[in-house]
Structure formats: C-alpha cells, structure tokens
>>> print(open('target_2.cif').read())   # mmCIF, C-alpha atoms
data_protein
#
loop_
_atom_site.group_PDB
_atom_site.id
_atom_site.type_symbol
_atom_site.label_atom_id
_atom_site.label_comp_id
_atom_site.auth_asym_id
_atom_site.auth_seq_id
_atom_site.Cartn_x
_atom_site.Cartn_y
_atom_site.Cartn_z
ATOM 1 C CA MET A 387 36.613 -5.831 -172.080
ATOM 2 C CA ASN A 388 33.536 -3.621 -172.160
ATOM 3 C CA LEU A 389 33.193 -0.208 -173.871
ATOM 4 C CA PRO A 390 33.991 1.972 -170.818
ATOM 5 C CA ASN A 391 37.165 -0.031 -170.173
ATOM 6 C CA LYS A 392 38.173 0.291 -173.847
ATOM 7 C CA ILE A 393 37.695 4.058 -173.590
ATOM 8 C CA THR A 394 39.865 4.125 -170.457
ATOM 9 C CA VAL A 395 42.582 2.108 -172.219
ATOM 10 C CA SER A 396 42.418 4.580 -175.133
ATOM 11 C CA ARG A 397 43.161 7.375 -172.644
ATOM 12 C CA VAL A 398 46.319 5.566 -171.590
ATOM 13 C CA CYS A 399 47.278 5.126 -175.264
ATOM 14 C CA LEU A 400 46.881 8.871 -175.904
ATOM 15 C CA ILE A 401 49.537 9.731 -173.303
ATOM 16 C CA PRO A 402 52.553 8.899 -175.525
ATOM 17 C CA LEU A 403 50.967 10.827 -178.431
ATOM 18 C CA PHE A 404 50.498 13.828 -176.150
ATOM 19 C CA MET A 405 54.124 13.622 -175.003
ATOM 20 C CA ILE A 406 55.452 13.293 -178.564
ATOM 21 C CA ALA A 407 53.388 16.268 -179.760
ATOM 22 C CA VAL A 408 54.611 18.501 -176.947
ATOM 23 C CA LEU A 409 58.222 17.395 -176.551
ATOM 24 C CA ILE A 410 59.420 16.846 -180.124
ATOM 25 C CA ASP A 411 60.134 19.933 -182.190
ATOM 26 C CA PHE A 412 58.433 19.288 -185.516
ATOM 27 C CA GLY A 413 59.090 22.859 -186.645
ATOM 28 C CA TRP A 414 55.400 23.731 -186.658
ATOM 29 C CA GLY A 415 56.129 27.282 -185.529
ATOM 30 C CA LYS A 416 53.793 29.525 -183.592
ATOM 31 C CA VAL A 417 50.340 30.967 -184.017
ATOM 32 C CA THR A 418 49.111 34.283 -182.640
ATOM 33 C CA LEU A 419 45.781 34.149 -180.828
ATOM 34 C CA MET A 420 44.391 37.283 -179.172
ATOM 35 C CA GLY A 421 47.832 38.863 -179.133
ATOM 36 C CA ASP A 422 49.599 35.884 -177.578
ATOM 37 C CA SER A 423 52.073 33.782 -179.542
ATOM 38 C CA ILE A 424 51.515 30.094 -178.832
ATOM 39 C CA PRO A 425 53.699 27.258 -180.154
ATOM 40 C CA VAL A 426 51.614 25.008 -182.415
ATOM 41 C CA ASN A 427 52.957 21.914 -180.662
ATOM 42 C CA HIS A 428 51.458 23.284 -177.405
ATOM 43 C CA LEU A 429 48.077 23.641 -179.132
ATOM 44 C CA VAL A 430 48.273 20.118 -180.547
ATOM 45 C CA GLY A 431 49.370 18.767 -177.168
ATOM 46 C CA ALA A 432 46.533 20.646 -175.441
ATOM 47 C CA ALA A 433 44.016 19.197 -177.909
ATOM 48 C CA ILE A 434 45.250 15.645 -177.298
ATOM 49 C CA PHE A 435 45.319 16.227 -173.539
ATOM 50 C CA ILE A 436 41.764 17.618 -173.532
ATOM 51 C CA ILE A 437 40.453 14.747 -175.683
ATOM 52 C CA ALA A 438 42.127 12.240 -173.357
ATOM 53 C CA SER A 439 40.670 14.047 -170.341
ATOM 54 C CA VAL A 440 37.145 14.068 -171.764
ATOM 55 C CA THR A 441 37.299 10.289 -172.105
ATOM 56 C CA ASP A 442 37.313 10.242 -168.281
ATOM 57 C CA PHE A 443 33.778 11.640 -168.300
ATOM 58 C CA ILE A 444 32.648 9.435 -171.197
ATOM 59 C CA ASP A 445 33.831 6.108 -169.748
ATOM 60 C CA GLY A 446 32.288 6.892 -166.365
ATOM 61 C CA TYR A 447 29.016 7.952 -167.959
ATOM 62 C CA TYR A 448 28.681 4.758 -170.006
ATOM 63 C CA ALA A 449 29.782 2.548 -167.113
ATOM 64 C CA ARG A 450 27.099 3.977 -164.824
ATOM 65 C CA LYS A 451 24.339 4.320 -167.430
ATOM 66 C CA PHE A 452 24.612 0.760 -168.736
ATOM 67 C CA ASN A 453 25.686 -0.814 -165.430
ATOM 68 C CA LEU A 454 29.114 -1.733 -166.819
ATOM 69 C CA VAL A 455 31.112 -0.825 -163.711
ATOM 70 C CA THR A 456 33.904 -3.350 -163.175
ATOM 71 C CA ASN A 457 36.716 -3.698 -160.656
ATOM 72 C CA PHE A 458 39.119 -3.358 -163.591
ATOM 73 C CA GLY A 459 37.505 -0.019 -164.480
ATOM 74 C CA LYS A 460 37.530 1.162 -160.865
ATOM 75 C CA PHE A 461 41.255 0.458 -160.786
ATOM 76 C CA LEU A 462 42.305 1.571 -164.276
ATOM 77 C CA ASP A 463 40.240 4.767 -164.539
ATOM 78 C CA PRO A 464 41.979 6.652 -161.695
ATOM 79 C CA LEU A 465 45.331 5.160 -162.740
ATOM 80 C CA ALA A 466 44.859 6.495 -166.286
ATOM 81 C CA ASP A 467 44.070 9.938 -164.836
ATOM 82 C CA LYS A 468 47.202 9.816 -162.694
ATOM 83 C CA LEU A 469 49.421 8.819 -165.626
ATOM 84 C CA LEU A 470 47.987 11.544 -167.868
ATOM 85 C CA VAL A 471 48.201 14.295 -165.260
ATOM 86 C CA SER A 472 51.641 13.237 -163.990
ATOM 87 C CA SER A 473 53.182 13.201 -167.456
ATOM 88 C CA ALA A 474 51.726 16.633 -168.212
ATOM 89 C CA LEU A 475 52.909 18.119 -164.910
ATOM 90 C CA ILE A 476 56.430 16.775 -165.385
ATOM 91 C CA ILE A 477 56.541 18.349 -168.851
ATOM 92 C CA LEU A 478 55.177 21.662 -167.512
ATOM 93 C CA THR A 479 57.811 21.593 -164.763
ATOM 94 C CA ASP A 480 60.499 20.999 -167.383
ATOM 95 C CA PHE A 481 59.116 24.004 -169.310
ATOM 96 C CA HIS A 482 59.319 26.069 -166.066
ATOM 97 C CA TYR A 483 55.558 26.711 -166.053
ATOM 98 C CA VAL A 484 54.811 24.753 -162.871
ATOM 99 C CA PRO A 485 57.081 24.861 -159.802
ATOM 100 C CA ALA A 486 58.759 21.514 -159.120
ATOM 101 C CA TRP A 487 57.500 21.386 -155.520
ATOM 102 C CA ILE A 488 53.872 21.511 -156.686
ATOM 103 C CA THR A 489 54.481 18.689 -159.139
ATOM 104 C CA ILE A 490 56.155 16.684 -156.368
ATOM 105 C CA VAL A 491 53.227 17.239 -153.963
ATOM 106 C CA ILE A 492 50.657 16.246 -156.592
ATOM 107 C CA ILE A 493 52.516 13.150 -157.791
ATOM 108 C CA SER A 494 53.385 12.105 -154.228
ATOM 109 C CA ARG A 495 49.709 12.243 -153.306
ATOM 110 C CA GLU A 496 48.895 10.092 -156.335
ATOM 111 C CA PHE A 497 51.470 7.466 -155.322
ATOM 112 C CA ALA A 498 50.225 7.490 -151.719
ATOM 113 C CA VAL A 499 46.576 7.065 -152.722
ATOM 114 C CA THR A 500 47.494 4.342 -155.224
ATOM 115 C CA GLY A 501 49.358 2.532 -152.436
ATOM 116 C CA LEU A 502 46.327 2.799 -150.175
ATOM 117 C CA ARG A 503 44.114 1.502 -152.990
ATOM 118 C CA MET A 504 46.391 -1.561 -153.222
ATOM 119 C CA ILE A 505 46.039 -2.160 -149.484
ATOM 120 C CA LEU A 506 42.257 -1.795 -149.776
ATOM 121 C CA ALA A 507 42.182 -4.188 -152.742
ATOM 122 C CA GLY A 508 44.251 -6.674 -150.741
ATOM 123 C CA SER A 509 41.574 -6.617 -148.056
ATOM 124 C CA GLY A 510 38.888 -7.207 -150.681
ATOM 125 C CA GLU A 511 37.785 -3.616 -151.085
ATOM 126 C CA VAL A 512 37.891 -1.644 -154.327
ATOM 127 C CA HIS A 513 36.822 1.977 -154.104
ATOM 128 C CA ALA A 514 35.832 4.139 -157.037
ATOM 129 C CA ALA A 515 37.032 7.735 -156.997
ATOM 130 C CA ALA A 516 35.100 9.960 -154.569
ATOM 131 C CA MET A 517 33.690 13.381 -155.476
ATOM 132 C CA LEU A 518 36.663 15.247 -153.943
ATOM 133 C CA GLY A 519 38.984 13.173 -156.113
ATOM 134 C CA LYS A 520 36.935 14.013 -159.193
ATOM 135 C CA ILE A 521 37.058 17.744 -158.366
ATOM 136 C CA LYS A 522 40.816 17.407 -157.895
ATOM 137 C CA THR A 523 41.194 15.690 -161.254
ATOM 138 C CA TRP A 524 39.122 18.268 -163.136
ATOM 139 C CA ALA A 525 40.944 21.183 -161.460
ATOM 140 C CA GLN A 526 44.239 19.626 -162.549
ATOM 141 C CA ILE A 527 42.918 19.159 -166.088
ATOM 142 C CA VAL A 528 41.798 22.797 -166.301
ATOM 143 C CA ALA A 529 45.157 24.028 -164.995
ATOM 144 C CA ILE A 530 47.213 21.841 -167.337
ATOM 145 C CA SER A 531 45.060 22.715 -170.360
ATOM 146 C CA ALA A 532 45.307 26.421 -169.545
ATOM 147 C CA TYR A 533 49.106 26.219 -169.330
ATOM 148 C CA PHE A 534 49.427 24.519 -172.706
ATOM 149 C CA LEU A 535 46.934 26.989 -174.225
ATOM 150 C CA HIS A 536 48.786 29.930 -172.619
ATOM 151 C CA ASP A 537 45.486 30.933 -170.928
ATOM 152 C CA PHE A 538 43.723 31.229 -174.306
ATOM 153 C CA PRO A 539 40.902 32.300 -174.708
ATOM 154 C CA LEU A 540 41.024 34.087 -171.332
ATOM 155 C CA ASN A 541 44.505 35.550 -171.764
ATOM 156 C CA PHE A 542 43.047 39.064 -171.639
ATOM 157 C CA LEU A 543 42.371 38.731 -167.895
ATOM 158 C CA PRO A 544 44.728 40.505 -165.478
ATOM 159 C CA PHE A 545 45.616 37.164 -163.885
ATOM 160 C CA SER A 546 46.570 33.742 -165.157
ATOM 161 C CA ILE A 547 43.721 31.208 -165.272
ATOM 162 C CA ALA A 548 46.388 28.492 -165.346
ATOM 163 C CA ASP A 549 47.994 29.738 -162.116
ATOM 164 C CA VAL A 550 44.660 30.104 -160.292
ATOM 165 C CA SER A 551 43.532 26.659 -161.466
ATOM 166 C CA LEU A 552 46.837 25.159 -160.351
ATOM 167 C CA TRP A 553 46.374 26.502 -156.813
ATOM 168 C CA VAL A 554 42.802 25.172 -156.741
ATOM 169 C CA ALA A 555 44.095 21.821 -157.990
ATOM 170 C CA LEU A 556 46.829 21.807 -155.336
ATOM 171 C CA PHE A 557 44.275 22.495 -152.595
ATOM 172 C CA PHE A 558 41.947 19.693 -153.721
ATOM 173 C CA THR A 559 44.891 17.351 -154.277
ATOM 174 C CA VAL A 560 45.999 17.695 -150.664
ATOM 175 C CA TYR A 561 42.490 17.826 -149.208
ATOM 176 C CA SER A 562 41.136 14.842 -151.165
ATOM 177 C CA GLY A 563 44.248 12.828 -150.300
ATOM 178 C CA TRP A 564 43.830 13.572 -146.606
ATOM 179 C CA ASP A 565 40.105 12.741 -146.847
ATOM 180 C CA TYR A 566 40.797 9.421 -148.601
ATOM 181 C CA PHE A 567 43.328 8.359 -145.960
ATOM 182 C CA TYR A 568 41.102 9.525 -143.109
ATOM 183 C CA LYS A 569 38.067 7.607 -144.378
ATOM 184 C CA ASN A 570 40.143 4.448 -144.832
ATOM 185 C CA ARG A 571 42.279 4.777 -141.720
ATOM 186 C CA ASP A 572 40.883 1.614 -140.100
ATOM 187 C CA VAL A 573 41.912 -0.580 -143.038
ATOM 188 C CA LEU A 574 45.309 1.152 -143.162
ATOM 189 C CA LEU A 575 45.906 0.641 -139.431
ATOM 190 C CA LYS A 576 44.879 -3.035 -139.615
ATOM 191 C CA SER A 577 47.437 -3.588 -142.389
ATOM 192 C CA MET A 578 50.350 -2.433 -140.192
#
>>> encode(input="target_2.cif", output="structure tokens")
Amino acid sequence: MNLPNKITVSRVCLIPLFMIAVLIDFGWGKVTLMGDSIPVNHLVGAAIFIIASVTDFIDGYYARKFNLVTNFGKFLDPLADKLLVSSALIILTDFHYVPAWITIVIISREFAVTGLRMILAGSGEVHAAAMLGKIKTWAQIVAISAYFLHDFPLNFLPFSIADVSLWVALFFTVYSGWDYFYKNRDVLLKSM
C-alpha cells in the first residue's frame, strides 16, 4: 500500500468521525460568526469534511508526481469521494438543508457510474476520474462545506453560496454522468 492509497484510506476513515461530530449532540452549543449563530458541531463537522476532501487533492498529487498510480487507487479514490459526499448529503437532507430529490439524483448518479466502472473493470478497463467528474466533486464539496458553515464567511451576501454551489454541483453531477456513459457506451452495449 503506497502513500497515496494510505491517504485515500484515511479519507474513508474520516467519514465516521465526520458523522459522529455532526449527528451526536455533545452539548457544544453555538458560536456567533458575522451575526450568524452556527452550532459548534456543524463547525467541527465542516472542518473534518474539508480535511477529508483536501486529501482527495493530496493523494492524486502524490500519485501523479511520484508515478504511484495504481488500479486500487483509481478504484478507491472515486469511491471514497462518493462515500464522503453521500453521507454528507444524507445528513443535510435530514437537516432539511438539501431537498431529498437532489440528494437522490446525486447518489443515483454515483451508483450508476460505479456500476459502469464495474462493467469496465470486468472488461479489463479501469478509468480514473475525468475532469468533469473532478469539477462535479469539488462543486459538491464547496456546497456541502458551505451548508455546514452556514455560508460563513460569505453569509453577508444577498444569496446563499451553499444553494448556488448545490445547483452547480447538480448540473455537473448530471452532465458528467451523461458524459461518462456516453464515452463508454460501446463497452456498456457489449455487456448487454
């Protein structure tokens, strides 16, 4: 197990810590930042989520720089992103921050692409995430972080950064999913 893969595994391990911090009431109270009262557990959860998300950049950087790209990493890296984002979106839906239908669309796309990746792997092909998928992931990360931070430090704007980011994420989620299926349609059709 090389360093980039260890970093990816650490991202998966941070998911339960993130969920515990956000979902369990430790009685930490609230803090007021720029006139907005934010539960401390949301701030702690946001910090864990952001740290876990940054590991996505770090593991990819080291894998490419030191030529440590492995099939395991190509598989686990996007899976770790999906697990992190899905758990956060489900929590945000439970908190009534994100509409359930958006969470369903995003998670459904993730399942569909994961299924296609399995078909591709079965035919001997393993594809790393494409640029559209990376944009989708980062848009989702910005939206989720902004929700847990209650738009801090941009909560003075007349619109919600979290809401705008969520719509951008939704667009790239659908578009990148369509693009991935379209580019791999031959393999998909051969598997039927």
>>> resolve_selection(input="target_2.cif", expression="the PyMOL selection byres ((chain A and resi 474) around 9)", output="VMD selection string")
chain A and resid 401 404 to 405 435 469 to 473 475 to 479 530
>>> write_last_selection(input="target_2.cif", atoms="C-alpha atoms", output="PDB file, in the coordinates of the input")
ATOM      1  CA  ILE A 401      49.537   9.731-173.303  1.00  0.00           C
ATOM      2  CA  PHE A 404      50.498  13.828-176.150  1.00  0.00           C
ATOM      3  CA  MET A 405      54.124  13.622-175.003  1.00  0.00           C
ATOM      4  CA  PHE A 435      45.319  16.227-173.539  1.00  0.00           C
ATOM      5  CA  LEU A 469      49.421   8.819-165.626  1.00  0.00           C
ATOM      6  CA  LEU A 470      47.987  11.544-167.868  1.00  0.00           C
ATOM      7  CA  VAL A 471      48.201  14.295-165.260  1.00  0.00           C
ATOM      8  CA  SER A 472      51.641  13.237-163.990  1.00  0.00           C
ATOM      9  CA  SER A 473      53.182  13.201-167.456  1.00  0.00           C
ATOM     10  CA  LEU A 475      52.909  18.119-164.910  1.00  0.00           C
ATOM     11  CA  ILE A 476      56.430  16.775-165.385  1.00  0.00           C
ATOM     12  CA  ILE A 477      56.541  18.349-168.851  1.00  0.00           C
ATOM     13  CA  LEU A 478      55.177  21.662-167.512  1.00  0.00           C
ATOM     14  CA  THR A 479      57.811  21.593-164.763  1.00  0.00           C
ATOM     15  CA  ILE A 530      47.213  21.841-167.337  1.00  0.00           C
TER      16      ILE A 530
END
>>> residues_around(input="target_2.cif", residues="Leu462 (chain A)", least_positions_apart="3", cutoff="10 Å", atoms="all atoms listed in the file", output="PyMOL selection string")
chain A and resi 391+394-395+398+456-459+465-468
>>> resolve_selection(input="target_2.cif", expression="the PyMOL selection byres ((chain A and resi 521) around 12)", output="PDB file with C-alpha atoms, in the frame of the given file")
ATOM      1  CA  ALA A 515      37.032   7.735-156.997  1.00  0.00           C
ATOM      2  CA  ALA A 516      35.100   9.960-154.569  1.00  0.00           C
ATOM      3  CA  MET A 517      33.690  13.381-155.476  1.00  0.00           C
ATOM      4  CA  LEU A 518      36.663  15.247-153.943  1.00  0.00           C
ATOM      5  CA  GLY A 519      38.984  13.173-156.113  1.00  0.00           C
ATOM      6  CA  LYS A 520      36.935  14.013-159.193  1.00  0.00           C
ATOM      7  CA  LYS A 522      40.816  17.407-157.895  1.00  0.00           C
ATOM      8  CA  THR A 523      41.194  15.690-161.254  1.00  0.00           C
ATOM      9  CA  TRP A 524      39.122  18.268-163.136  1.00  0.00           C
ATOM     10  CA  ALA A 525      40.944  21.183-161.460  1.00  0.00           C
ATOM     11  CA  GLN A 526      44.239  19.626-162.549  1.00  0.00           C
ATOM     12  CA  ILE A 527      42.918  19.159-166.088  1.00  0.00           C
ATOM     13  CA  VAL A 528      41.798  22.797-166.301  1.00  0.00           C
ATOM     14  CA  SER A 551      43.532  26.659-161.466  1.00  0.00           C
ATOM     15  CA  VAL A 554      42.802  25.172-156.741  1.00  0.00           C
ATOM     16  CA  ALA A 555      44.095  21.821-157.990  1.00  0.00           C
ATOM     17  CA  LEU A 556      46.829  21.807-155.336  1.00  0.00           C
ATOM     18  CA  PHE A 557      44.275  22.495-152.595  1.00  0.00           C
ATOM     19  CA  PHE A 558      41.947  19.693-153.721  1.00  0.00           C
ATOM     20  CA  THR A 559      44.891  17.351-154.277  1.00  0.00           C
ATOM     21  CA  VAL A 560      45.999  17.695-150.664  1.00  0.00           C
ATOM     22  CA  TYR A 561      42.490  17.826-149.208  1.00  0.00           C
ATOM     23  CA  SER A 562      41.136  14.842-151.165  1.00  0.00           C
ATOM     24  CA  GLY A 563      44.248  12.828-150.300  1.00  0.00           C
TER      25      GLY A 563
END
>>> resolve_selection(input="target_2.cif", expression="the PyMOL selection byres ((chain A and resi 538) around 12)", output="ChimeraX atom specification")
/A:417-424,428-429,432,528-529,531-537,539-543,546-548
>>> closest_residue(input="target_2.cif", among="A:Ile393, A:Ala507, A:Ile444, A:Ile490", to="Phe461 (chain A)", atoms="all atoms listed in the file")
A:Ala507
>>> closest_residue(input="target_2.cif", among="A:Ile493, A:Val573, A:Met387, A:Leu506", to="Ala449 (chain A)", atoms="only C-alpha atoms")
A:Met387
>>> atom_distance(input="target_2.cif", atom1="CA of Arg397 (chain A)", atom2="CA of Ala438 (chain A)")
5.0 Å
>>> atom_distance(input="target_2.cif", atom1="CA of Leu389 (chain A)", atom2="CA of Glu496 (chain A)")
25.7 Å
>>> atom_distance(input="target_2.cif", atom1="CA of Ser439 (chain A)", atom2="CA of Phe567 (chain A)")
25.2 Å
>>> closest_residue(input="target_2.cif", among="A:Asp565, A:Trp414, A:Ser577, A:Pro390", to="Arg495 (chain A)", atoms="all atoms listed in the file")
A:Asp565
>>> residues_around(input="target_2.cif", residues="Ser509 (chain A)", least_positions_apart="6", cutoff="12 Å", atoms="all atoms listed in the file", output="mmCIF file with C-alpha atoms, in the frame of the given file")
data_model
loop_
_atom_site.group_PDB
_atom_site.id
_atom_site.type_symbol
_atom_site.label_atom_id
_atom_site.label_comp_id
_atom_site.auth_asym_id
_atom_site.auth_seq_id
_atom_site.Cartn_x
_atom_site.Cartn_y
_atom_site.Cartn_z
ATOM 1 C CA LEU A 502 46.327 2.799 -150.175
ATOM 2 C CA ARG A 503 44.114 1.502 -152.990
ATOM 3 C CA ASN A 570 40.143 4.448 -144.832
ATOM 4 C CA ASP A 572 40.883 1.614 -140.100
ATOM 5 C CA VAL A 573 41.912 -0.580 -143.038
ATOM 6 C CA LEU A 574 45.309 1.152 -143.162
ATOM 7 C CA LYS A 576 44.879 -3.035 -139.615
ATOM 8 C CA SER A 577 47.437 -3.588 -142.389
#
>>> decode(input="target_2.cif", residues="region 393-487 of chain A", atoms="C-alpha atoms", output="compact mmCIF listing (two decimals), in the first residue's frame")
# COMPACT_ATOMS: atom_id res chain seq x y z
CA ILE A 393 -4.18 8.88 2.22
CA THR A 394 -7.29 7.69 0.35
CA VAL A 395 -7.98 5.07 3.04
CA SER A 396 -7.62 7.81 5.69
CA ARG A 397 -10.37 9.75 3.88
CA VAL A 398 -12.68 6.76 4.24
CA CYS A 399 -11.77 6.51 7.94
CA LEU A 400 -12.66 10.19 8.49
CA ILE A 401 -16.25 9.62 7.34
CA PRO A 402 -17.48 8.04 10.62
CA LEU A 403 -15.74 10.81 12.62
CA PHE A 404 -17.49 13.42 10.48
CA MET A 405 -20.85 11.71 11.02
CA ILE A 406 -20.34 11.42 14.79
CA ALA A 407 -19.33 15.08 15.09
CA VAL A 408 -22.38 16.28 13.18
CA LEU A 409 -25.07 13.86 14.35
CA ILE A 410 -24.35 13.41 18.06
CA ASP A 411 -25.31 16.27 20.35
CA PHE A 412 -22.28 16.78 22.58
CA GLY A 413 -23.77 19.96 24.02
CA TRP A 414 -21.08 22.14 22.46
CA GLY A 415 -23.56 24.97 21.91
CA LYS A 416 -23.33 27.63 19.24
CA VAL A 417 -20.90 30.30 18.17
CA THR A 418 -21.78 33.60 16.53
CA LEU A 419 -19.75 34.47 13.45
CA MET A 420 -20.54 37.63 11.48
CA GLY A 421 -24.00 37.79 13.00
CA ASP A 422 -24.91 34.18 12.25
CA SER A 423 -25.29 31.60 15.01
CA ILE A 424 -23.66 28.33 13.99
CA PRO A 425 -23.78 25.10 16.01
CA VAL A 426 -20.24 24.13 17.05
CA ASN A 427 -20.84 20.55 15.93
CA HIS A 428 -21.51 21.91 12.41
CA LEU A 429 -18.16 23.74 12.50
CA VAL A 430 -16.34 20.63 13.72
CA GLY A 431 -18.10 18.51 11.11
CA ALA A 432 -17.24 21.05 8.39
CA ALA A 433 -13.58 21.01 9.46
CA ILE A 434 -13.44 17.20 9.31
CA PHE A 435 -15.28 17.18 5.98
CA ILE A 436 -12.92 19.79 4.48
CA ILE A 437 -9.82 17.94 5.73
CA ALA A 438 -11.16 14.69 4.27
CA SER A 439 -11.93 16.47 0.99
CA VAL A 440 -8.46 18.01 0.74
CA THR A 441 -6.95 14.53 0.96
CA ASP A 442 -8.52 13.95 -2.47
CA PHE A 443 -6.17 16.55 -3.94
CA ILE A 444 -3.17 15.36 -1.91
CA ASP A 445 -3.42 11.66 -2.83
CA GLY A 446 -3.87 12.48 -6.52
CA TYR A 447 -0.95 14.90 -6.47
CA TYR A 448 1.44 12.38 -4.90
CA ALA A 449 0.22 9.54 -7.11
CA ARG A 450 0.90 11.53 -10.28
CA LYS A 451 4.11 13.24 -9.12
CA PHE A 452 5.83 10.06 -7.97
CA ASN A 453 4.21 7.75 -10.54
CA LEU A 454 2.34 5.82 -7.83
CA VAL A 455 -0.94 5.47 -9.72
CA THR A 456 -2.45 2.04 -9.09
CA ASN A 457 -5.66 0.32 -10.15
CA PHE A 458 -6.55 0.14 -6.45
CA GLY A 459 -6.18 3.93 -6.22
CA LYS A 460 -8.17 4.50 -9.41
CA PHE A 461 -10.97 2.45 -7.89
CA LEU A 462 -10.83 3.57 -4.25
CA ASP A 463 -10.30 7.31 -4.78
CA PRO A 464 -13.65 7.99 -6.51
CA LEU A 465 -15.37 5.52 -4.17
CA ALA A 466 -14.04 7.42 -1.13
CA ASP A 467 -15.36 10.66 -2.64
CA LYS A 468 -18.77 9.08 -3.21
CA LEU A 469 -18.98 7.75 0.35
CA LEU A 470 -17.95 11.10 1.85
CA VAL A 471 -20.30 13.18 -0.29
CA SER A 472 -23.23 10.75 0.02
CA SER A 473 -23.04 10.62 3.81
CA ALA A 474 -22.89 14.42 3.99
CA LEU A 475 -25.82 14.88 1.59
CA ILE A 476 -27.97 12.40 3.50
CA ILE A 477 -27.26 14.29 6.73
CA LEU A 478 -28.01 17.65 5.06
CA THR A 479 -31.27 16.22 3.73
CA ASP A 480 -32.16 15.03 7.24
CA PHE A 481 -31.42 18.58 8.49
CA HIS A 482 -33.75 19.94 5.74
CA TYR A 483 -30.93 21.93 4.12
CA VAL A 484 -30.85 19.97 0.85
CA PRO A 485 -34.03 18.79 -0.92
CA ALA A 486 -34.36 15.00 -0.93
CA TRP A 487 -34.76 14.85 -4.72
